[in-house]
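> Here it is: the structure, laid out below.
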Amino acid sequence: MPELSEVEAWRLLADRHARDQRILQVFAAQDDIVFDTASPRHFSRTLRGREIRAAHRRGKYLWLELDRRPWPLFHFGMTGSLRAYKHASERPGYCKAELTLDNGWRLGFRNVRRLGRVRLLQDPSSEPPVSRLGFDPLLDRPSPEEFRSLLVRRNTPIKALLLNQAVFAGVGNWIADEVLYQARIRPTRPASKVSPEACERLRRVLDRVVRRAVAVEADSTRFPRNWLFHVRWGKQHARTRKGEPIRYDTVGGRTTAWVPSVQR
DNA sequence: CTCAGTGTTCAGTG
DNA sequence: TCACTGAACACTGA
C-alpha cells in the first residue's frame, strides 16, 4: 500500500494519537530483517519512557520526534501499514513494533513481507536514507524550471525516473502510472525527450494527484472516479471509464498500466 | 504449483 | 564515477 499518500495518512494518524504522549510500553518482534540495525531489544529499551513530540514524513519514510535521541525511523516496504487501537488483543498479525501510549492508544507497525525496516537514527531528516531523497511533491513545490531540470540529460524512461526516490521522493508504482496517464505521456518516453509542454503538465498533475490523495487520507474509494487507479488492476481487457483499452508492460522493472490511445 | 506485487538495494554493464 | 538495468529479497493470495 505504501506510497507518499498512504505514508502521509499514517503520519497524520501517528501525529493525532501520539503527539505529546509518553511511551509506556514497547513491543518489538524478534525479527532481524525488519530490525536490520538496532536489535528489537535495543529498540524497546531506547523508546520506553520517551515522549513523542511529533510525527514526520519525507518520501515513503516516517519517523517520530522524541524528547531524546535517537529517534525511530520506519519504512513500510511493499506490504506495511500503521494502525492505532486500544487493546493488545487488537494487535494485527505480522505486527513488528507496537508503542503503548499513556492515553491508552497503541500504534502498531505491521509488515507482512518483511521488506520494511525499523531503525534508530540520531537525526533522520539529515542522514541517509532520508537525506538521499529527491524532492517530495507534498513538502516541496518546484518551479517549472526546477522541475524541468530533473528531466534533462536523463536517458531512462520517464516512468523509471518517476520511481527513482533520489529524484521524486514518495512516488511509487500507482502514482507514477496515474500521473503519466493524466499528463498524457508514454511511460517508455526517455525523460530527456519529454517536451516542455508535457513536462509542465506532469508537474501540475503530480501536484494535483498527490494533494488529492492526501486530502482523502489515501482512501482510494474516495479518489476521483476518472482516475486510472480504479481500473488499473482489471487486468485483461481492462478499459478506462471512457472505454479506452489499458495495456500492461514492464517499464523500469515494474508492471506499468497505460493507455496507448491517450499517452503518445 | 506458479506467479505477481502501491519497494529498495546491490551487482554487473557500458 | 555515473547512469542504468535486472535480479534478489520475503511471503501471501490469486
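Residues in the C-alpha cells are numbered from 1 in each chain, the chains being A, B, ... in the order shown, and ligands are numbered from 1 in the order shown.
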Determine which residues of region 98-154 of chain A DSSP labels as strand (DSSP E or B) from the backbone of this structure, then write them out as a ChimeraX atom specification.
/A:98-101,106-111,117-121,135
> With 12 Å as the limit and counting only C-alpha atoms (C1' of nucleotides), what residues in chain A lie close to chain B? Please list them as a PyMOL selection string.
chain A and resi 1-7+60-61+75-81+113-117+129+163-166+170-178+218+220+229+232-233+235+250+253-256
> Per residue of chain C within 8 Å of chain A, record the nearest atom pair and its distance in Å to one decimal, counting only C-alpha atoms (C1' of nucleotides), with rows in chain order and ascending residue number, as a tab-separated table.

```
residue	atom	partner	partner_atom	distance
C:DC4	C1'	A:Thr156	CA	7.1
C:DG6	C1'	A:Gly253	CA	7.4
C:DC9	C1'	A:Leu115	CA	7.5
C:DA10	C1'	A:Arg113	CA	5.1
C:DC11	C1'	A:Arg113	CA	5.1
```
> Write out, as an mmCIF file, in the first residue's frame, the residues just selected, with C-alpha atoms (C1' of nucleotides).

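Listed below is the output, result.cif:
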```
data_model
loop_
_atom_site.group_PDB
_atom_site.id
_atom_site.type_symbol
_atom_site.label_atom_id
_atom_site.label_comp_id
_atom_site.auth_asym_id
_atom_site.auth_seq_id
_atom_site.Cartn_x
_atom_site.Cartn_y
_atom_site.Cartn_z
ATOM 1 C "C1'" DC C 4 21.121 2.455 -15.901
ATOM 2 C "C1'" DG C 6 17.752 -6.630 -13.664
ATOM 3 C "C1'" DC C 9 14.943 -10.199 -1.044
ATOM 4 C "C1'" DA C 10 10.257 -12.381 1.549
ATOM 5 C "C1'" DC C 11 5.731 -14.003 1.760
#
```
> Excluding same-chain residues fewer than 4 positions from Ser89 (chain A), what lies within 12 Å of it counting only C-alpha atoms (C1' of nucleotides), as a VMD selection string?
chain A and resid 85 93 95 106 108
> Save the residues we just selected, N, CA and C atoms, as a tab-separated table (two decimals), in the first residue's frame?

```
chain	number	residue	atom	x	y	z
A	85	TYR	N	-4.98	1.43	17.85
A	85	TYR	CA	-6.01	0.63	18.52
A	85	TYR	C	-5.76	0.71	20.01
A	93	GLY	N	-1.87	-9.07	12.91
A	93	GLY	CA	-0.90	-10.09	12.55
A	93	GLY	C	0.31	-9.43	11.91
A	95	CYS	N	2.60	-7.91	13.25
A	95	CYS	CA	2.99	-6.66	13.92
A	95	CYS	C	4.44	-6.78	14.33
A	106	ARG	N	-2.55	2.50	21.22
A	106	ARG	CA	-1.36	1.78	20.78
A	106	ARG	C	-1.16	2.03	19.30
A	108	GLY	N	0.61	0.36	16.07
A	108	GLY	CA	1.23	-0.89	15.63
A	108	GLY	C	1.77	-0.80	14.22
```
> How many Å separate CA of Val118 (chain A) from C1' of DT12 (chain C)?
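Between CA of Val118 (chain A) and C1' of DT12 (chain C) the gap works out to 21.4 Å.
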